[in-house]
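Structure file work17.txt; described as compact mmCIF, C-alpha atoms.
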# COMPACT_ATOMS: atom_id res chain seq x y z
CA MET A 8 -120.77 -62.99 76.43
CA LYS A 9 -122.67 -59.76 77.12
CA VAL A 10 -125.45 -58.78 74.73
CA LEU A 11 -127.13 -55.41 74.22
CA SER A 12 -130.41 -55.70 72.33
CA ILE A 13 -132.48 -52.82 70.91
CA SER A 14 -136.22 -53.50 70.82
CA THR A 15 -139.61 -51.85 70.27
CA ASP A 16 -141.60 -54.51 72.14
CA ARG A 17 -143.18 -52.99 75.25
CA LYS A 18 -144.61 -56.38 76.24
CA LEU A 19 -141.18 -56.97 77.78
CA PHE A 20 -142.51 -54.99 80.74
CA LYS A 21 -145.56 -57.24 81.09
CA ASP A 22 -145.29 -60.17 83.49
CA GLU A 23 -145.55 -63.60 81.85
CA SER A 24 -145.62 -62.19 78.31
CA ALA A 25 -144.15 -64.54 75.69
CA VAL A 26 -141.40 -62.09 74.73
CA LEU A 27 -140.34 -61.61 78.37
CA LEU A 28 -140.26 -65.35 79.00
CA ARG A 29 -138.14 -65.86 75.86
CA SER A 30 -135.74 -63.13 76.99
CA ILE A 31 -135.36 -64.73 80.40
CA GLU A 32 -134.37 -67.99 78.69
CA TYR A 33 -131.90 -66.18 76.40
CA ALA A 34 -130.32 -64.44 79.40
CA LYS A 35 -129.62 -67.78 81.07
CA LYS A 36 -127.21 -68.54 78.22
CA MET A 37 -125.36 -65.20 78.53
CA ASP A 38 -123.30 -63.36 81.11
CA GLU A 39 -125.67 -60.40 80.79
CA LEU A 40 -128.56 -59.45 78.50
CA HIS A 41 -129.50 -55.77 78.40
CA ILE A 42 -132.52 -54.71 76.34
CA ILE A 43 -133.21 -51.09 75.48
CA VAL A 44 -136.90 -50.67 74.66
CA PHE A 45 -138.39 -47.73 72.73
CA THR A 46 -141.03 -46.22 75.04
CA THR A 47 -142.68 -42.84 75.50
CA SER A 48 -143.18 -41.14 78.85
CA GLN A 49 -146.63 -39.67 78.20
CA LYS A 50 -148.80 -42.72 78.76
CA LEU A 51 -147.06 -45.25 80.97
CA LYS A 52 -143.97 -44.64 83.02
CA TYR A 53 -141.78 -47.66 82.43
CA LYS A 54 -138.93 -48.27 84.85
CA ASN A 55 -135.49 -49.83 84.60
CA GLN A 56 -135.76 -53.43 85.74
CA LYS A 57 -133.41 -56.23 86.69
CA ILE A 58 -135.00 -59.65 86.26
CA GLY A 59 -133.16 -62.56 87.78
CA SER A 60 -129.41 -62.18 87.95
CA ASN A 61 -128.57 -61.05 84.44
CA LEU A 62 -131.55 -59.65 82.47
CA PHE A 63 -131.81 -55.85 82.44
CA LEU A 64 -134.60 -53.79 80.83
CA HIS A 65 -133.98 -50.14 79.92
CA PRO A 66 -136.97 -48.08 78.69
CA THR A 67 -136.07 -44.93 76.74
CA ASN A 68 -139.08 -43.03 78.20
CA SER A 69 -138.73 -40.53 75.35
CA ILE A 70 -140.87 -37.40 75.16
CA SER A 71 -141.99 -38.55 71.70
CA ARG A 72 -141.21 -41.27 69.17
CA TRP A 73 -138.91 -38.84 67.32
CA PHE A 74 -136.45 -39.11 70.21
CA TYR A 75 -136.33 -42.92 70.43
CA VAL A 76 -133.08 -43.23 68.47
CA PHE A 77 -131.26 -40.44 70.32
CA ASP A 78 -132.33 -41.66 73.76
CA ALA A 79 -131.48 -45.29 72.95
CA ILE A 80 -128.00 -44.29 71.77
CA LYS A 81 -127.46 -42.31 75.00
CA ILE A 82 -128.47 -45.33 77.14
CA GLY A 83 -126.43 -47.68 74.94
CA LYS A 84 -123.29 -45.62 75.43
CA LYS A 85 -123.57 -45.99 79.20
CA ILE A 86 -124.10 -49.76 78.97
CA LEU A 87 -121.33 -50.46 76.45
CA GLY A 88 -118.93 -48.36 78.50
CA ALA A 89 -118.83 -51.20 81.04
CA THR A 90 -116.06 -53.77 80.85
CA GLY A 91 -116.51 -57.03 78.99
CA GLU A 92 -116.99 -58.41 75.52
CA TRP A 93 -120.23 -57.09 74.01
CA ILE A 94 -122.42 -58.04 71.06
CA LEU A 95 -125.17 -55.80 69.66
CA SER A 96 -128.47 -57.15 68.34
CA THR A 97 -131.34 -55.08 66.95
CA GLN A 98 -134.96 -56.05 66.35
CA ASP A 99 -135.07 -54.62 62.84
CA PRO A 100 -132.96 -52.81 60.21
CA PHE A 101 -134.94 -49.59 60.69
CA GLU A 102 -134.98 -47.32 63.76
CA THR A 103 -133.46 -49.92 66.09
CA GLY A 104 -130.97 -50.71 63.33
CA ILE A 105 -129.82 -47.08 63.26
CA VAL A 106 -129.13 -47.30 67.01
CA GLY A 107 -127.14 -50.51 66.54
CA MET A 108 -125.16 -49.07 63.64
CA MET A 109 -124.26 -45.90 65.54
CA LEU A 110 -123.20 -47.80 68.67
CA LYS A 111 -121.15 -50.18 66.56
CA ASN A 112 -119.34 -47.24 64.97
CA ILE A 113 -118.53 -45.78 68.40
CA PHE A 114 -117.53 -48.97 70.26
CA LYS A 115 -116.45 -51.25 67.35
CA THR A 116 -118.87 -53.86 68.68
CA PRO A 117 -120.12 -56.76 66.48
CA LEU A 118 -123.67 -56.13 65.25
CA GLN A 119 -126.46 -58.57 64.46
CA ILE A 120 -129.60 -57.30 62.69
CA GLN A 121 -132.79 -59.33 63.06
CA ILE A 122 -135.49 -59.23 60.39
CA HIS A 123 -139.02 -60.45 61.02
CA THR A 124 -140.83 -59.21 57.92
CA ASP A 125 -140.28 -59.06 54.16
CA PHE A 126 -139.90 -55.29 53.97
CA PHE A 127 -139.12 -55.43 50.25
CA SER A 128 -142.64 -56.74 49.63
CA SER A 129 -144.86 -54.32 47.71
CA HIS A 130 -147.41 -54.57 50.53
CA PHE A 131 -144.91 -53.13 53.04
CA LYS A 132 -144.77 -49.88 51.06
CA ASN A 133 -148.18 -48.85 52.36
CA SER A 134 -146.99 -45.70 54.13
CA PHE A 135 -144.44 -42.94 53.68
CA LEU A 136 -142.75 -44.04 56.91
CA ASN A 137 -142.26 -47.58 55.60
CA ILE A 138 -140.77 -46.24 52.38
CA ILE A 139 -138.25 -44.31 54.48
CA ARG A 140 -137.57 -47.49 56.49
CA ILE A 141 -136.69 -49.38 53.32
CA PHE A 142 -134.19 -46.64 52.48
CA ILE A 143 -132.73 -46.86 56.00
CA SER A 144 -132.38 -50.65 55.72
CA ARG A 145 -130.16 -50.27 52.67
CA ILE A 146 -127.78 -48.18 54.76
CA VAL A 147 -127.92 -50.27 57.95
CA LEU A 148 -127.78 -53.85 56.66
CA PRO A 149 -124.37 -53.63 54.92
CA ARG A 150 -122.91 -52.53 58.30
CA ALA A 151 -124.13 -55.68 60.05
CA ASP A 152 -121.79 -58.56 60.88
CA GLY A 153 -124.67 -61.01 60.89
CA ILE A 154 -128.30 -60.99 59.73
CA ARG A 155 -130.88 -63.29 61.32
CA VAL A 156 -134.15 -63.75 59.41
CA VAL A 157 -137.18 -65.77 60.50
CA GLY A 158 -137.87 -67.49 57.19
CA ASP A 159 -136.39 -68.50 53.84
CA PHE A 160 -138.87 -66.22 52.08
CA ILE A 161 -137.23 -63.21 53.75
CA LYS A 162 -133.74 -64.51 52.98
CA ASP A 163 -134.66 -64.89 49.31
CA SER A 164 -136.09 -61.37 49.23
CA ILE A 165 -132.93 -59.83 50.71
CA LYS A 166 -130.71 -61.85 48.36
CA LYS A 167 -132.71 -60.50 45.43
CA HIS A 168 -132.41 -56.84 46.44
CA LEU A 169 -129.06 -56.88 48.30
CA PRO A 170 -127.17 -59.86 46.82
CA LYS A 171 -123.83 -58.95 48.43
CA LEU A 172 -125.29 -59.72 51.88
CA GLU A 173 -126.11 -63.38 51.17
CA SER A 174 -123.15 -64.76 53.14
CA LYS A 175 -124.24 -62.88 56.27
CA ILE A 176 -127.81 -64.24 56.36
CA GLU A 177 -128.91 -67.08 58.65
CA VAL A 178 -132.45 -68.40 59.04
CA LEU A 179 -133.89 -69.03 62.51
CA PRO A 180 -137.69 -68.94 62.88
CA ILE A 181 -139.39 -67.58 65.98
CA PHE A 182 -139.53 -70.33 68.59
CA VAL A 183 -142.91 -71.94 69.16
CA ASP A 184 -143.12 -74.66 71.81
CA ILE A 185 -145.07 -77.15 69.69
CA ASP A 186 -145.03 -79.94 72.27
CA LYS A 187 -146.40 -77.63 74.95
CA ILE A 188 -149.20 -76.44 72.66
CA VAL A 189 -150.19 -79.99 71.72
CA HIS A 190 -150.48 -81.01 75.37
CA THR A 191 -152.11 -77.82 76.70
CA GLU A 192 -155.65 -78.24 78.02
CA PRO A 193 -157.88 -75.30 77.01
CA GLN A 194 -159.01 -73.04 79.85
CA VAL A 195 -161.60 -71.22 77.75
CA ASN A 196 -164.12 -72.78 75.37
CA LEU A 197 -165.37 -70.53 72.58
CA GLY A 198 -168.26 -72.87 71.83
CA GLU A 199 -169.52 -72.55 75.39
CA LYS A 200 -168.81 -68.81 75.48
CA PHE A 201 -170.82 -68.18 72.30
CA PRO A 202 -173.49 -70.92 72.15
CA GLU A 203 -175.53 -68.88 69.65
CA PHE A 204 -173.01 -69.83 66.93
CA LYS A 205 -173.02 -73.32 65.40
CA PHE A 206 -169.67 -72.67 63.72
CA ILE A 207 -167.04 -70.20 64.94
CA ILE A 208 -164.39 -68.48 62.82
CA LEU A 209 -161.55 -67.00 64.87
CA MET A 210 -159.17 -64.18 63.99
CA ALA A 211 -156.35 -63.04 66.31
CA SER A 212 -154.34 -59.94 65.43
CA ARG A 213 -153.80 -56.26 65.95
CA LEU A 214 -156.63 -54.21 64.54
CA SER A 215 -154.46 -52.26 62.12
CA PRO A 216 -154.83 -51.48 58.39
CA GLU A 217 -152.38 -54.09 57.07
CA LYS A 218 -154.35 -56.91 58.76
CA ARG A 219 -157.23 -56.23 56.33
CA ILE A 220 -159.97 -57.21 58.76
CA ASP A 221 -162.26 -55.31 56.38
CA VAL A 222 -161.66 -58.07 53.83
CA ALA A 223 -162.52 -60.69 56.45
CA LEU A 224 -165.80 -58.92 57.26
CA ARG A 225 -166.83 -58.76 53.61
CA ALA A 226 -165.91 -62.42 53.07
CA PHE A 227 -167.80 -63.36 56.22
CA ARG A 228 -170.94 -61.65 54.91
CA ASN A 229 -170.81 -64.01 51.90
CA VAL A 230 -170.40 -67.00 54.22
CA LEU A 231 -173.52 -66.03 56.18
CA LEU A 232 -175.64 -66.26 53.04
CA LYS A 233 -175.15 -70.05 53.12
CA PHE A 234 -174.44 -70.63 56.81
CA PRO A 235 -176.41 -68.01 58.79
CA HIS A 236 -175.58 -69.51 62.21
CA THR A 237 -171.84 -68.87 61.86
CA GLY A 238 -170.02 -66.37 64.08
CA LEU A 239 -166.81 -64.40 63.60
CA VAL A 240 -164.81 -63.83 66.80
CA ILE A 241 -161.94 -61.33 66.61
CA ALA A 242 -159.34 -61.42 69.41
CA GLY A 243 -157.21 -58.28 69.30
CA ASP A 244 -157.19 -54.56 69.70
CA GLY A 245 -155.85 -51.53 67.87
CA GLY A 246 -156.52 -48.21 66.23
CA GLU A 247 -158.90 -49.60 63.61
CA LYS A 248 -161.38 -51.05 66.10
CA ARG A 249 -163.98 -48.29 65.84
CA ASN A 250 -163.85 -48.24 62.03
CA LEU A 251 -164.21 -52.01 61.89
CA GLU A 252 -167.16 -51.97 64.28
CA LYS A 253 -168.85 -49.38 62.05
CA LEU A 254 -168.12 -51.50 58.96
CA ALA A 255 -169.57 -54.60 60.61
CA MET A 256 -172.74 -52.65 61.43
CA GLY A 257 -172.93 -51.29 57.89
CA LEU A 258 -172.61 -54.81 56.46
CA GLY A 259 -175.47 -56.05 58.64
CA LEU A 260 -173.23 -58.19 60.86
CA LYS A 261 -174.20 -56.64 64.20
CA ASN A 262 -174.98 -59.88 66.06
CA LYS A 263 -172.61 -62.10 64.10
CA VAL A 264 -169.23 -60.45 64.83
CA VAL A 265 -167.67 -60.29 68.30
CA PHE A 266 -164.69 -58.06 69.10
CA MET A 267 -163.19 -59.79 72.16
CA GLY A 268 -160.29 -57.44 72.71
CA TRP A 269 -156.75 -58.60 73.40
CA GLN A 270 -156.49 -62.16 74.76
CA ASN A 271 -153.51 -63.69 76.54
CA ASP A 272 -154.61 -67.32 76.15
CA LEU A 273 -154.81 -67.76 72.39
CA ILE A 274 -154.05 -71.49 72.56
CA SER A 275 -157.36 -72.15 74.32
CA LEU A 276 -159.14 -70.17 71.59
CA PHE A 277 -157.35 -72.06 68.81
CA LYS A 278 -158.28 -75.39 70.40
CA THR A 279 -161.97 -74.58 70.78
CA THR A 280 -162.75 -72.72 67.57
CA ASP A 281 -163.78 -74.34 64.29
CA LEU A 282 -161.57 -72.33 61.92
CA PHE A 283 -158.73 -69.82 62.12
CA MET A 284 -158.63 -67.11 59.46
CA VAL A 285 -155.91 -64.62 58.44
CA THR A 286 -156.53 -61.91 55.81
CA SER A 287 -153.37 -59.79 56.19
CA GLU A 288 -151.61 -57.91 53.41
CA TYR A 289 -148.30 -58.97 54.95
CA GLU A 290 -146.98 -60.61 58.10
CA GLY A 291 -143.53 -60.86 59.59
CA TYR A 292 -143.45 -64.53 60.48
CA GLY A 293 -147.06 -65.18 61.38
CA MET A 294 -146.58 -67.09 64.64
CA THR A 295 -150.34 -67.40 65.18
CA LEU A 296 -150.52 -69.55 62.05
CA ILE A 297 -148.05 -72.01 63.57
CA GLU A 298 -149.80 -71.93 66.95
CA ALA A 299 -153.21 -72.50 65.36
CA GLY A 300 -151.91 -75.35 63.23
CA ALA A 301 -150.20 -77.01 66.19
CA SER A 302 -153.46 -76.65 68.13
CA GLY A 303 -155.26 -78.71 65.50
CA CYS A 304 -157.23 -75.84 64.03
CA PRO A 305 -158.12 -75.71 60.29
CA ILE A 306 -156.72 -72.60 58.59
CA VAL A 307 -157.76 -70.26 55.78
CA THR A 308 -155.14 -67.58 55.15
CA THR A 309 -153.74 -65.15 52.67
CA LYS A 310 -150.26 -65.98 51.35
CA VAL A 311 -148.28 -64.08 53.97
CA GLY A 312 -145.42 -64.82 56.37
CA VAL A 313 -144.91 -68.50 57.02
CA ALA A 314 -147.96 -69.25 54.82
CA ASN A 315 -145.73 -68.18 51.92
CA THR A 316 -143.53 -71.26 52.46
CA ASP A 317 -143.73 -74.95 51.57
CA LEU A 318 -145.07 -75.67 55.05
CA PHE A 319 -148.51 -74.44 53.99
CA LYS A 320 -149.86 -76.51 51.09
CA ASN A 321 -153.02 -75.10 49.56
CA GLY A 322 -155.80 -77.69 49.47
CA ILE A 323 -153.69 -80.28 51.30
CA ASN A 324 -153.21 -79.00 54.85
CA SER A 325 -154.80 -75.53 54.61
CA PHE A 326 -156.40 -73.08 52.22
CA VAL A 327 -154.06 -70.30 51.06
CA CYS A 328 -155.39 -67.44 48.95
CA SER A 329 -152.75 -65.70 46.82
CA GLY A 330 -154.15 -62.25 47.61
CA PHE A 331 -156.62 -60.60 49.98
CA ASP A 332 -159.42 -61.72 47.66
CA VAL A 333 -162.90 -61.65 49.20
CA GLY A 334 -164.18 -64.26 46.74
CA CYS A 335 -161.33 -66.72 47.37
CA ILE A 336 -161.52 -66.37 51.14
CA SER A 337 -165.29 -66.75 51.37
CA LYS A 338 -165.25 -69.75 48.98
CA ASP A 339 -162.59 -71.53 51.05
CA VAL A 340 -164.35 -70.82 54.35
CA ILE A 341 -167.61 -72.15 52.95
CA GLU A 342 -165.87 -75.35 51.82
CA ILE A 343 -164.37 -75.86 55.28
CA ILE A 344 -167.77 -75.40 56.96
CA ASP A 345 -169.50 -77.64 54.43
CA ASP A 346 -166.97 -80.50 54.44
CA ASN A 347 -166.26 -82.05 57.83
CA SER A 348 -163.82 -84.57 56.32
CA LYS A 349 -161.79 -81.68 54.85
CA ARG A 350 -161.66 -80.02 58.26
CA GLU A 351 -160.37 -83.19 59.89
CA LEU A 352 -157.84 -83.73 57.10
CA PHE A 353 -156.49 -80.20 57.45
CA LYS A 354 -156.21 -80.58 61.23
CA ARG A 355 -154.17 -83.77 60.95
CA LYS A 356 -152.02 -82.77 57.97
CA MET A 357 -151.09 -79.33 59.30
CA ARG A 358 -150.24 -80.63 62.76
CA ASP A 359 -148.04 -83.31 61.17
CA SER A 360 -146.31 -80.69 58.97
CA ILE A 361 -145.58 -78.46 61.94
CA LYS A 362 -144.31 -81.33 64.08
CA SER A 363 -141.86 -82.19 61.30
CA ILE A 364 -140.08 -78.83 61.70
CA ALA A 365 -140.39 -78.62 65.49
CA MET A 366 -137.28 -77.80 67.51
CA SER A 367 -136.86 -78.32 71.24
CA LYS A 368 -136.41 -75.26 73.45
CA GLU A 369 -132.83 -76.25 74.22
CA GLU A 370 -131.98 -76.76 70.54
CA TYR A 371 -133.48 -73.39 69.71
CA LEU A 372 -131.61 -71.55 72.47
CA ASP A 373 -128.33 -73.14 71.40
CA LYS A 374 -128.93 -72.08 67.80
CA TYR A 375 -129.88 -68.54 68.87
CA ILE A 376 -126.72 -68.16 70.94
CA SER A 377 -124.52 -69.69 68.24
CA LEU A 378 -125.67 -67.06 65.73
CA LEU A 379 -124.59 -64.32 68.12
CA GLU A 380 -121.29 -65.99 68.92
CA SER A 381 -120.51 -66.47 65.24
CA ILE A 382 -120.12 -62.71 64.68
CA LYS A 383 -117.66 -62.11 67.54

This structure in structure tokens:
Amino acid sequence: MKVLSISTDRKLFKDESAVLLRSIEYAKKMDELHIIVFTTSQKLKYKNQKIGSNLFLHPTNSISRWFYVFDAIKIGKKILGATGEWILSTQDPFETGIVGMMLKNIFKTPLQIQIHTDFFSSHFKNSFLNIIRIFISRIVLPRADGIRVVGDFIKDSIKKHLPKLESKIEVLPIFVDIDKIVHTEPQVNLGEKFPEFKFIILMASRLSPEKRIDVALRAFRNVLLKFPHTGLVIAGDGGEKRNLEKLAMGLGLKNKVVFMGWQNDLISLFKTTDLFMVTSEYEGYGMTLIEAGASGCPIVTTKVGVANTDLFKNGINSFVCSGFDVGCISKDVIEIIDDNSKRELFKRKMRDSIKSIAMSKEEYLDKYISLLESIK
């Protein structure tokens, strides 16, 4: 089986990144795996790469994002022109989905669409571009031979809005190596790195509008009124960094909030912090929530991604706020800081919940491949 995947994830070109390591494992189960990645040529010049014997990376190196689709189709035509039995897989039902749909029409190749976020959620409609993407998805998805979603909450959403597609939908979460996380020894200790804080709250995400870090900062200010020796450490980077730094200064949090920048070793941070917090408007799957829970870290989160499933039980193994509510978030964080027994309960209960759904790497790879083979 030869697979052509269309992706937007530039971390595929970064050594030892999680997405590259996953792709290497997928390729071992295939004759060939080719991945076309949307990239621009202005900043970094990405190059075609062959990794191992059968993983091939193809950057579009487009002059602007408006040419991603056209350039990806051009590259895809060359790849699919080779002999063999091909399957197409796209990262989303939007721009990459258009590429998959067009290539399917030309080569009559089976097409799988992957979906990592509930794009029918009202929170997804936060930009004109996303509204257009929803329109595109209604054109692309009916052309798919198979649809892989990362959670039942996404499956239910698609069934509600596009009921005729129910028979094509299969659920397969993003793989997280739970056993490896549990047995990983931390290489970095946040408590030692920031000894000025008696209690550390960790956030790990892109610094983008939908992550609502502004809500976290306002909730954190309320927390400091009762626990002034608490620190908020934010691991991540993005276009909102400067605005968030200004907001933190304006809220009087200058010495209480640390912007660490992007971190590769999040597991060490999860294992050495006191609390992990998420305040997003929406998430695709929310892999950091699973990683934090498996690391034995108490969690306060908004009801997004995997936190919108039965795995996360408010008040039993985590605190889940139904909206990005400053009052709810600050109240729950204060309770976690104030109640050590609650923290220990959440650690144990969440880790047990996550272990109950854990899948071995081999089981996951077999399931991933079987979904592709089922549409041949």

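The shortest atom-to-atom distance to A:Asn250, with all atoms listed in the file taken into account, belongs to A:Leu224 out of A:Val311, A:Val178, A:Ile343, A:Leu224.
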
- request: Using only C-alpha atoms, pick whichever of A:Ile176, A:Val230, A:Val106, A:Ile154 has the shortest atom-to-atom distance to A:Ile344.
  value: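 Of the candidates, the smallest distance to A:Ile344 is held by A:Val230.
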
field: Selection near stretch 72-87 of chain A, 9 Å with only C-alpha atoms, sequence-local residues under 2 positions removed, as number ranges by chain
entry: A: 11, 13, 41, 43-47, 65-70, 89-91, 93, 102-103, 105-107, 109-110, 113-114, 116

Tell me, as a PDB file with C-alpha atoms, in the coordinates of the input, which residues lie within 8 Å of stretch 265-280 of chain A, counting only C-alpha atoms; anything in the same chain fewer than 5 positions away does not count.
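Full text of selection02.pdb as output:
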ATOM      1  CA  ILE A 188    -149.200 -76.440  72.660  1.00  0.00           C
ATOM      2  CA  THR A 191    -152.110 -77.820  76.700  1.00  0.00           C
ATOM      3  CA  GLU A 192    -155.650 -78.240  78.020  1.00  0.00           C
ATOM      4  CA  PRO A 193    -157.880 -75.300  77.010  1.00  0.00           C
ATOM      5  CA  GLN A 194    -159.010 -73.040  79.850  1.00  0.00           C
ATOM      6  CA  VAL A 195    -161.600 -71.220  77.750  1.00  0.00           C
ATOM      7  CA  ASN A 196    -164.120 -72.780  75.370  1.00  0.00           C
ATOM      8  CA  LEU A 197    -165.370 -70.530  72.580  1.00  0.00           C
ATOM      9  CA  GLY A 198    -168.260 -72.870  71.830  1.00  0.00           C
ATOM     10  CA  PHE A 206    -169.670 -72.670  63.720  1.00  0.00           C
ATOM     11  CA  ILE A 207    -167.040 -70.200  64.940  1.00  0.00           C
ATOM     12  CA  ILE A 208    -164.390 -68.480  62.820  1.00  0.00           C
ATOM     13  CA  LEU A 209    -161.550 -67.000  64.870  1.00  0.00           C
ATOM     14  CA  ALA A 211    -156.350 -63.040  66.310  1.00  0.00           C
ATOM     15  CA  GLY A 238    -170.020 -66.370  64.080  1.00  0.00           C
ATOM     16  CA  LEU A 239    -166.810 -64.400  63.600  1.00  0.00           C
ATOM     17  CA  VAL A 240    -164.810 -63.830  66.800  1.00  0.00           C
ATOM     18  CA  ILE A 241    -161.940 -61.330  66.610  1.00  0.00           C
ATOM     19  CA  ALA A 242    -159.340 -61.420  69.410  1.00  0.00           C
ATOM     20  CA  GLY A 243    -157.210 -58.280  69.300  1.00  0.00           C
ATOM     21  CA  ASP A 244    -157.190 -54.560  69.700  1.00  0.00           C
ATOM     22  CA  GLU A 298    -149.800 -71.930  66.950  1.00  0.00           C
ATOM     23  CA  ALA A 299    -153.210 -72.500  65.360  1.00  0.00           C
ATOM     24  CA  SER A 302    -153.460 -76.650  68.130  1.00  0.00           C
ATOM     25  CA  GLY A 303    -155.260 -78.710  65.500  1.00  0.00           C
ATOM     26  CA  CYS A 304    -157.230 -75.840  64.030  1.00  0.00           C
TER      27      CYS A 304
END

- prompt: Of the residues A:Phe142, A:His130, A:Asp221, A:Arg17, which is the one nearest to A:Leu51, using only C-alpha atoms?
  reply: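 Among A:Phe142, A:His130, A:Asp221, A:Arg17, it is A:Arg17 that comes nearest to A:Leu51.
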
task: Choose the residue, out of A:Glu217, A:Asp281, A:Asp159, A:Asp152, that has the smallest atom-to-atom separation from A:Phe204; count all atoms listed in the file.
output: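 Answer, going by the shortest atom-to-atom distance: A:Asp281.
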
message: With distances taken over only C-alpha atoms, which residue among A:Lys115, A:Lys356, A:His236, A:Lys320 lies nearest A:Lys205?
response: A:His236
